[in-house]
Amino acid sequence: LALSLAGVQSVVINHAWLGEKIEAQLGDGRQFGLDIVYSPEGETGLETAGGIRLALPLLGDSPFLVVNGDVLTDFPFSRLLHALAPDKMAHLVLVPNPPQHPQGDFALQQDDACVDGPVKYTFSGIALYRPEFFHDVPPGAQKLAPFLRAAMQRGEITAELYQGYWADIGTPQRLADADILFRSKS
């Protein structure tokens with residue numbers, strides 16, 4: 001729903017294990033004001049870069065937004081839709097380090113994402129990419145971080161720090177914690 005409210009109309013969902021349940025629940029997306037298509041990765045999945053590379057034919061030639069399925073956030077997606085500078089390959093959203101990831105992933109120097117720096121933040125799983133960023137990703141299971149690091153060293157990645165609500169709900173305990181938090185606010 002947040003994507004629809006931000007002006008996103010078309011969504012591609014990558015899925016692996018139990019992906020048919022996602023398709024059954026979300027359908028074609030009309031009930032959310034979206035057009036949803038699916039990019040099945042098989043039972044084992046392809047990691048983030050491999051899954052995006054597989055989905056490239058469905059994503060078109062324009063920059064596209066990626067939001068990991070295991071994050072819960074109030075990030076204003078509409079602000080990100082035009083955040084990609086003409087000479088950059090990606091724009092990442094970084095967040096303060098959560099307890100389960102205290103060392104962070106990347107540093108931020110002005111608007112540039114960097115591999116190292118005095119303070120590192122966690123990559124939120126939210127980013128805007130040019131399709132060309134994934135053209136050199138080989139088929140199959142490929143992690144995203146090595147490709148991001150290489151592009152950062154070439155000065156091709158910008159980033160911003162988001163300090164609003166963001167949670168990684170990728171484990172049953174973190175999902176339960178987020179559920180308790182939201183129930184207490186209702």
# chains A, B, ... in the order shown; residues from 1 in each chain; ligands from 1
>>> residues_around(residues="A:Ser4", least_positions_apart="6", cutoff="7 Å", atoms="only C-alpha atoms", output="VMD selection string")
chain A and resid 32 to 34
>>> residues_around(residues="stretch 154-161 of chain A", least_positions_apart="2", cutoff="7 Å", atoms="only C-alpha atoms", output="list in words")
Lys88, Met89, Ala90, His91, Leu92, Val93, Leu94, Val95, Leu108, Asp111, Asp112, Ala113, Ala150, Ala151, Met152 and Gln163 of chain A
>>> select_by_dssp(residues="stretch 54-148 of chain A", states="strand (DSSP E or B)", output="PyMOL selection string")
chain A and resi 64-67+71-73+90-95+106-109+112-114+120-129
>>> closest_residue(among="A:Leu128, A:Val115, A:Val37, A:Ala24", to="A:Ala85", atoms="only C-alpha atoms")
A:Leu128
>>> select_by_dssp(residues="stretch 58-156 of chain A", states="helix (DSSP H, G or I)", output="ChimeraX atom specification")
/A:58-59,77-80,131-134,145-153
>>> decode(residues="stretch 95-121 of chain A", atoms="N, CA and C atoms", output="PDB file, in the first residue's frame")
ATOM      1  N   VAL A  95      20.469   3.112   7.372  1.00  0.00           N
ATOM      2  CA  VAL A  95      19.786   3.349   8.647  1.00  0.00           C
ATOM      3  C   VAL A  95      20.771   3.151   9.793  1.00  0.00           C
ATOM      4  N   PRO A  96      20.464   3.735  10.972  1.00  0.00           N
ATOM      5  CA  PRO A  96      21.304   3.454  12.142  1.00  0.00           C
ATOM      6  C   PRO A  96      21.363   1.940  12.384  1.00  0.00           C
ATOM      7  N   ASN A  97      22.471   1.485  12.902  1.00  0.00           N
ATOM      8  CA  ASN A  97      22.683   0.047  13.075  1.00  0.00           C
ATOM      9  C   ASN A  97      21.751  -0.552  14.124  1.00  0.00           C
ATOM     10  N   PRO A  98      21.014  -1.591  13.742  1.00  0.00           N
ATOM     11  CA  PRO A  98      20.149  -2.265  14.710  1.00  0.00           C
ATOM     12  C   PRO A  98      20.989  -3.167  15.621  1.00  0.00           C
ATOM     13  N   PRO A  99      20.418  -3.625  16.734  1.00  0.00           N
ATOM     14  CA  PRO A  99      21.174  -4.467  17.673  1.00  0.00           C
ATOM     15  C   PRO A  99      21.795  -5.711  17.031  1.00  0.00           C
ATOM     16  N   GLN A 100      21.101  -6.306  16.058  1.00  0.00           N
ATOM     17  CA  GLN A 100      21.617  -7.534  15.448  1.00  0.00           C
ATOM     18  C   GLN A 100      22.710  -7.281  14.404  1.00  0.00           C
ATOM     19  N   HIS A 101      22.997  -6.000  14.110  1.00  0.00           N
ATOM     20  CA  HIS A 101      24.010  -5.680  13.093  1.00  0.00           C
ATOM     21  C   HIS A 101      24.781  -4.418  13.510  1.00  0.00           C
ATOM     22  N   PRO A 102      25.466  -4.457  14.648  1.00  0.00           N
ATOM     23  CA  PRO A 102      26.081  -3.242  15.195  1.00  0.00           C
ATOM     24  C   PRO A 102      27.246  -2.685  14.383  1.00  0.00           C
ATOM     25  N   GLN A 103      27.877  -3.497  13.558  1.00  0.00           N
ATOM     26  CA  GLN A 103      29.038  -3.024  12.798  1.00  0.00           C
ATOM     27  C   GLN A 103      28.663  -2.267  11.532  1.00  0.00           C
ATOM     28  N   GLY A 104      27.415  -2.331  11.098  1.00  0.00           N
ATOM     29  CA  GLY A 104      26.990  -1.619   9.893  1.00  0.00           C
ATOM     30  C   GLY A 104      27.548  -2.218   8.616  1.00  0.00           C
ATOM     31  N   ASP A 105      27.226  -1.574   7.500  1.00  0.00           N
ATOM     32  CA  ASP A 105      27.640  -2.054   6.180  1.00  0.00           C
ATOM     33  C   ASP A 105      28.512  -1.046   5.441  1.00  0.00           C
ATOM     34  N   PHE A 106      28.022   0.199   5.375  1.00  0.00           N
ATOM     35  CA  PHE A 106      28.673   1.211   4.547  1.00  0.00           C
ATOM     36  C   PHE A 106      28.745   2.541   5.281  1.00  0.00           C
ATOM     37  N   ALA A 107      29.700   3.350   4.853  1.00  0.00           N
ATOM     38  CA  ALA A 107      29.849   4.691   5.408  1.00  0.00           C
ATOM     39  C   ALA A 107      29.189   5.692   4.461  1.00  0.00           C
ATOM     40  N   LEU A 108      29.046   6.898   4.959  1.00  0.00           N
ATOM     41  CA  LEU A 108      28.422   7.969   4.187  1.00  0.00           C
ATOM     42  C   LEU A 108      29.327   9.190   4.279  1.00  0.00           C
ATOM     43  N   GLN A 109      29.775   9.668   3.124  1.00  0.00           N
ATOM     44  CA  GLN A 109      30.569  10.892   3.069  1.00  0.00           C
ATOM     45  C   GLN A 109      29.836  11.858   2.156  1.00  0.00           C
ATOM     46  N   GLN A 110      29.256  12.886   2.772  1.00  0.00           N
ATOM     47  CA  GLN A 110      28.323  13.789   2.113  1.00  0.00           C
ATOM     48  C   GLN A 110      27.215  12.937   1.518  1.00  0.00           C
ATOM     49  N   ASP A 111      27.067  12.887   0.206  1.00  0.00           N
ATOM     50  CA  ASP A 111      26.008  12.067  -0.396  1.00  0.00           C
ATOM     51  C   ASP A 111      26.526  10.767  -0.992  1.00  0.00           C
ATOM     52  N   ASP A 112      27.811  10.488  -0.842  1.00  0.00           N
ATOM     53  CA  ASP A 112      28.385   9.277  -1.435  1.00  0.00           C
ATOM     54  C   ASP A 112      28.415   8.127  -0.437  1.00  0.00           C
ATOM     55  N   ALA A 113      28.046   6.946  -0.919  1.00  0.00           N
ATOM     56  CA  ALA A 113      28.188   5.740  -0.121  1.00  0.00           C
ATOM     57  C   ALA A 113      29.624   5.258  -0.276  1.00  0.00           C
ATOM     58  N   CYS A 114      30.219   4.824   0.823  1.00  0.00           N
ATOM     59  CA  CYS A 114      31.616   4.396   0.828  1.00  0.00           C
ATOM     60  C   CYS A 114      31.739   3.047   1.522  1.00  0.00           C
ATOM     61  N   VAL A 115      32.737   2.287   1.095  1.00  0.00           N
ATOM     62  CA  VAL A 115      32.990   0.988   1.708  1.00  0.00           C
ATOM     63  C   VAL A 115      33.402   1.167   3.162  1.00  0.00           C
ATOM     64  N   ASP A 116      34.286   2.149   3.426  1.00  0.00           N
ATOM     65  CA  ASP A 116      34.790   2.371   4.774  1.00  0.00           C
ATOM     66  C   ASP A 116      34.658   3.835   5.161  1.00  0.00           C
ATOM     67  N   GLY A 117      34.662   4.067   6.442  1.00  0.00           N
ATOM     68  CA  GLY A 117      34.598   5.415   6.978  1.00  0.00           C
ATOM     69  C   GLY A 117      34.543   5.346   8.483  1.00  0.00           C
ATOM     70  N   PRO A 118      34.621   6.492   9.141  1.00  0.00           N
ATOM     71  CA  PRO A 118      34.643   6.486  10.609  1.00  0.00           C
ATOM     72  C   PRO A 118      33.358   5.952  11.237  1.00  0.00           C
ATOM     73  N   VAL A 119      32.230   6.147  10.575  1.00  0.00           N
ATOM     74  CA  VAL A 119      30.949   5.639  11.065  1.00  0.00           C
ATOM     75  C   VAL A 119      30.303   4.862   9.924  1.00  0.00           C
ATOM     76  N   LYS A 120      29.908   3.628  10.221  1.00  0.00           N
ATOM     77  CA  LYS A 120      29.222   2.815   9.223  1.00  0.00           C
ATOM     78  C   LYS A 120      27.776   2.621   9.643  1.00  0.00           C
ATOM     79  N   TYR A 121      26.903   2.588   8.642  1.00  0.00           N
ATOM     80  CA  TYR A 121      25.473   2.400   8.850  1.00  0.00           C
ATOM     81  C   TYR A 121      25.037   1.112   8.169  1.00  0.00           C
TER      82      TYR A 121
END
